[in-house]
There are 2 protein chains.
Amino acid sequence: MKQSKMLIPTLKETPADADTLSHQWLMRAGFIRQNFSGVYSYLPLGKRVLDKIERIIREEMDAIGANELLMPAMQSADLWKESGRWDKMGAELMRLHDRHEREFVLGPTHEEVVTSMIRDEVKSYKKLPLTLYQIQTKFRDERRPRFGLLRGREFIMKDAYSFHDSDESLDTYYEEMYDAYSRIFTRLGLNFRAVIADSGAMGGKDTHEFMALSEIGEDTIAFSSVSDYAANIEMAKVPDYYQSPNEEPKPLEKVATPNQRTMEEVANYLDHDLDQGLKSLLFNVDEEFVLTVTRGDHEVNEIKLKHHLNADEVTLATEDQTQDVLGAYFGSIGPIGVKNDVKIIGDFAVRAVSNATCGANEDGYHFINVNPSRDFAEIEFADIRFIKEGDPSPDGQGVIQFAEGIEIGQVFKLGQFYADKLGASILNDQGKAQTVTMGCYGIGVTRTMAAIVEQFNDDRGITWPTQVAPYQVHLLVINSKNEEQRTLGDKLYQQLLEEGFEVLYDDRKERAGVKFADSDLIGIPNRITVGKKASDGIVEYKDRQTNDQSELHESDINAFLKSRMDR
Amino acid sequence: MKQSKMLIPTLKETPADADTLSHQWLMRAGFIRQNFSGVYSYLPLGKRVLDKIERIIREEMDAIGANELLMPAMQSADLWKESGRWDKMGAELMRLHDRHEREFVLGPTHEEVVTSMIRDEVKSYKKLPLTLYQIQTKFRDERRPRFGLLRGREFIMKDAYSFHDSDESLDTYYEEMYDAYSRIFTRLGLNFRAVIADSGAMGGKDTHEFMALSEIGEDTIAFSSVSDYAANIEMAKVPDYYQSPNEEPKPLEKVATPNQRTMEEVANYLDHDLDQGLKSLLFNVDEEFVLTVTRGDHEVNEIKLKHHLNADEVTLATEDQTQDVLGAYFGSIGPIGVKNDVKIIGDFAVRAVSNATCGANEDGYHFINVNPSRDFAEIEFADIRFIKEGDPSPDGQGVIQFAEGIEIGQVFKLGQFYADKLGASILNDQGKAQTVTMGCYGIGVTRTMAAIVEQFNDDRGITWPTQVAPYQVHLLVINSKNEEQRTLGDKLYQQLLEEGFEVLYDDRKERAGVKFADSDLIGIPNRITVGKKASDGIVEYKDRQTNDQSELHESDINAFLKSRMDR
């Protein structure tokens, strides 16, 4: 394509409201424009990148037998009421009504629509397993859209849904999908991790999030220093690796700790290490109170607590509730002498402390020389804390490190949640009605484009991997008014097109500095510049990722570029 | 693709609410499903056809230098208020608001969005001409969605917008786009006509609609029996071809016509032909009254009247208004003796009558022996009637015939309407600010799919043209339990895939009758059936369009199919 014929509105300055590198570079390089908060247009270069990402996704989906279809953006509110998500999604759900006052939803995902279709069209186990996918514009009314394409209100998703007659079939297909996702993100050139994630409220089982590693990621990943273990920090299990207590227990003693409320204050006041103190927190768990005990240097993980108790809701008790239930305020509560109607859960690490400190359920007092096996009667131990860097990896290989990640995909064993709600059943091989089992699998296409830019940029612009670059070759003529340069440029353009390369040809009547700056911004991996040595048939080649430059004779260009493509 | 792995829910019966052939066959063959009124899912086969249509559109758009981009479905209401369409589109516009009560539109088209982008990003004539296009889901809240995909509420459009610094540039590009559209619909295999159409209220100039000929079309096309002239019946000019009067004028005479109100009644009563009577109608035209006079066998075309008078609104006067203004009711009004404040417009055909009849502006009376050149003082003649079959074609070649058509595309010289409203101006080559000139160009992608089916079906199902068929080859094994048949089927499937054919392989354990019926429904153009002669390597070939059948040896299949593709 000739650059003079293309809308590529590059910007010299970084837009004031562009808050991440991907947002800044995609704006500056003319790939996107914001229409309004959280809603973007994909300009010609941006559209080409999306197409390339989508093509790779399609190839891998088709390779595992998924059927592409296209469901509508508008969905009937009735289906959402059937599934319960009409209420659950709250203000994030975009709602509208038609001229007859019938209510609709602009789909953020399509579980309801696709499940109702399977309910109506598939009656026998013989048609299963079946996987349907689409690449489609989705809507979500984010409270605070930000980070450019990373958290928008209208965005493109690949969403896939698989249907099965048994958990085993789902398990098998889940692995295939997991592998396909790994291939997709590998082909896209991303540095990513598949992490164990929380299956949340929708009744599912296993789920993995695919995370592109990035400092601006909103999620923290705990991963092994040596193996491929990785989990969302909320889900990373801490193994019960603690040594048994090796100190001689001393007599339990209550001491005054006036005005010492935090773990740090108490530890300082009593002159011991933070991990020698025991932190107690009171929670409302569904309709009951639960007291947790962790080591002073650990944090309670409410999601683990919730899973351990199989609870619907876990929230910290108020200061007043704590006073009512335990007779003391936050800083002085503890697991000794608690009335029987409060369940006590201790983290595994607590079991291993000796001669520790804990609140005495009396304001301004703590117990010292606490030894759980001796002093805690009604306590249950479990893994209820957040993992920390340096903890052993749950798979026994290496230690845990942290990284931030951008969620670009998720695979999810939904189970029968939607099929139950919407009545999707089949006749099984015994001729009996049976609820369908489902998986769902998403990739944020526009978000993936941003994640790629977060990983591929330098101080001059974007450095696209070849497979998703808007073009393979950027051909520049330094001085378009110079006859020899223009002639060689035009000739090379035709020649490269005939060889099957995707070429952006900067034929504009702009200064060389403008052309180079735009070219660096746009970030096409291979740049051929026709300049002063045009008369000798010599051009300059630049690798945009390494910024290495070299001279090439025009007769060598094809072979050279071909070798670059094959890498 | 193996048919056993694909969602193709064919139906034995025609769905009760499917009101056109395309709706019926696309439902029955498992290409689409209705989600709710006017909103459809495109199942795997349907999606494949859409992809093929879109690919052809993209190739032709790219060939004329159009830039593909993707603008959002959600549009700011403010832009629509600026253009005036927020009010003009009324209930057809899908509206919604976000959690902050900001108003949005779900775009039925994107003139406002694209014009505002050009306003912001393009400052100089040097960047023009520029054409942007997208293929996107659109929304329109039709009062009465019907005819399946032909009149839906969520549908796919290709919409393109071109920007120019002069009318000449627009005129040139309009021709290129017109030609590209002709190539697209030709490649899609459609029997279509490009017809002159009404540019309507948006201030544009030339416009052509591309019509797929079909009995169920909602528009009537007037076309020449010999040339390529074609126009929407509303727009077809009637040449002033009438012979001058050749009868001797007789004396004007007022006669009683008691209770004769219609043209037919008066003609019968006075015993003359219908074309000897003159029909008079009173219209409200903006704030004034206009009396039209046409021959009794002709109909007034209000759009022509509106264009002739350069009026905003033309409506028929009420019976009371007619009585007030002309002193008689509908059946007895006429152009003789009308007070001066009523403008009179006669159709060209009226100038050529002699000794005709017209109302006398006195209830129950008509004039006979009316001769316009003698009796009509203040009349202006113009082409204000609908063309009829048999009229000479306006281009002087052949006579007019009628056909019904489905509008599948439109090209439109918008001029400066939107650019004016939204303030899109550039600096011209004199350095002066100048409003941008625009064209817009649409193709209904999903509607085109339906139009193809309207033209390509028989009593067993769809008969897709090869270029848009979901697959090129349908491979059937009559008895999947028969080892020889299945082995040959599997072998041919692999072989055809390796040769690059798109193959749907019916490997299902269904009866042969079910397979043949489904195959006829789906309508893939080339069918290869592996049956009893599998042991001899003999298969049956069927051409789905002609239903011709023949036997082929397996070794000849590739060459045979290749020759079919090349046709």
# chains A, B, ... in the order shown; residues from 1 in each chain; ligands from 1
$ residues_around --residues "Glu215 of chain A" --least-positions-apart "3" --cutoff "8 Å" --atoms "only C-alpha atoms" --output "list in words"
Ala403, Glu404 and Gly405 of chain A
$ write_last_selection --atoms "all heavy atoms" --output "short mmCIF file (atom, residue, chain, number, x, y, z; two decimals), in the first residue's frame"
data_model
loop_
_atom_site.label_atom_id
_atom_site.label_comp_id
_atom_site.auth_asym_id
_atom_site.auth_seq_id
_atom_site.Cartn_x
_atom_site.Cartn_y
_atom_site.Cartn_z
N ALA A 403 5.16 -11.89 39.40
CA ALA A 403 5.21 -11.01 38.22
C ALA A 403 3.81 -10.44 38.03
O ALA A 403 2.83 -11.03 38.49
CB ALA A 403 5.64 -11.79 36.98
N GLU A 404 3.75 -9.31 37.35
CA GLU A 404 2.45 -8.75 37.02
C GLU A 404 2.05 -9.21 35.62
O GLU A 404 2.91 -9.38 34.74
CB GLU A 404 2.48 -7.22 37.06
CG GLU A 404 2.06 -6.63 38.40
CD GLU A 404 2.93 -7.08 39.56
OE1 GLU A 404 4.16 -6.93 39.46
OE2 GLU A 404 2.39 -7.61 40.55
N GLY A 405 0.76 -9.42 35.42
CA GLY A 405 0.30 -9.90 34.12
C GLY A 405 -0.98 -9.24 33.67
O GLY A 405 -1.79 -8.79 34.49
#
$ select_by_dssp --residues "segment 137-316 of chain A" --states "strand (DSSP E)" --output "number ranges by chain"
A: 137-139, 154-164, 192-196, 207-213, 219-224, 230-232, 253-256, 278-285, 288-295, 314-316
$ interface_residues --of "chain B" --to "chain A" --cutoff "6 Å" --atoms "only C-alpha atoms" --output "short mmCIF file (atom, residue, chain, number, x, y, z; two decimals) with N, CA and C atoms, in the first residue's frame"
data_model
loop_
_atom_site.label_atom_id
_atom_site.label_comp_id
_atom_site.auth_asym_id
_atom_site.auth_seq_id
_atom_site.Cartn_x
_atom_site.Cartn_y
_atom_site.Cartn_z
N SER B 41 -28.69 -15.62 14.44
CA SER B 41 -27.35 -16.18 14.55
C SER B 41 -26.98 -16.81 13.21
N TYR B 42 -25.73 -16.64 12.83
CA TYR B 42 -25.21 -17.27 11.62
C TYR B 42 -24.45 -18.50 12.05
N LEU B 43 -25.03 -19.66 11.76
CA LEU B 43 -24.42 -20.93 12.18
C LEU B 43 -23.21 -21.21 11.27
N PRO B 44 -22.46 -22.28 11.59
CA PRO B 44 -21.18 -22.46 10.88
C PRO B 44 -21.28 -22.36 9.35
N LYS B 47 -21.94 -18.70 8.44
CA LYS B 47 -20.76 -17.88 8.66
C LYS B 47 -19.77 -18.03 7.52
N ASN B 67 -9.36 2.13 2.30
CA ASN B 67 -8.68 1.70 3.54
C ASN B 67 -9.68 1.03 4.45
N GLU B 68 -9.41 -0.21 4.83
CA GLU B 68 -10.32 -0.83 5.80
C GLU B 68 -9.98 -0.37 7.21
N LEU B 69 -11.01 -0.07 7.96
CA LEU B 69 -10.85 0.25 9.39
C LEU B 69 -12.04 -0.33 10.13
N LEU B 70 -12.10 -0.11 11.42
CA LEU B 70 -13.26 -0.58 12.18
C LEU B 70 -13.62 0.49 13.20
N MET B 71 -14.79 1.05 13.00
CA MET B 71 -15.28 2.06 13.95
C MET B 71 -16.22 1.37 14.94
N PRO B 72 -16.48 2.02 16.08
CA PRO B 72 -17.30 1.34 17.09
C PRO B 72 -18.78 1.30 16.72
N LEU B 96 -29.30 4.01 23.73
CA LEU B 96 -29.08 3.50 25.08
C LEU B 96 -28.27 4.52 25.86
#
$ closest_residue --among "A:Gly537, A:Gly461, A:Gly500, A:Gly364" --to "Glu13 of chain A" --atoms "only C-alpha atoms"
A:Gly461
$ residues_around --residues "Ser332 of chain A" --least-positions-apart "6" --cutoff "6 Å" --atoms "only C-alpha atoms" --output "CSV table (one decimal) with N, CA, C and O atoms, in the first residue's frame"
chain,number,residue,atom,x,y,z
A,359,GLY,N,-3.3,-11.6,70.6
A,359,GLY,CA,-4.2,-10.8,71.4
A,359,GLY,C,-5.0,-11.6,72.5
A,359,GLY,O,-5.2,-12.8,72.3
A,360,ALA,N,-5.3,-10.9,73.6
A,360,ALA,CA,-5.9,-11.6,74.7
A,360,ALA,C,-7.4,-11.5,74.8
A,360,ALA,O,-8.0,-11.8,75.8
A,361,ASN,N,-8.1,-10.9,73.7
A,361,ASN,CA,-9.5,-10.6,73.8
A,361,ASN,C,-9.8,-9.6,75.0
A,361,ASN,O,-10.9,-9.7,75.6
A,363,ASP,N,-8.9,-5.4,75.6
A,363,ASP,CA,-8.2,-4.3,75.0
A,363,ASP,C,-6.9,-3.9,75.8
A,363,ASP,O,-6.9,-3.8,77.0
$ select_by_dssp --residues "segment 217-368 of chain A" --states "helix (DSSP H, G or I)" --output "PyMOL selection string"
chain A and resi 263-270+274-276+302-309+319-326+330-332+348-352
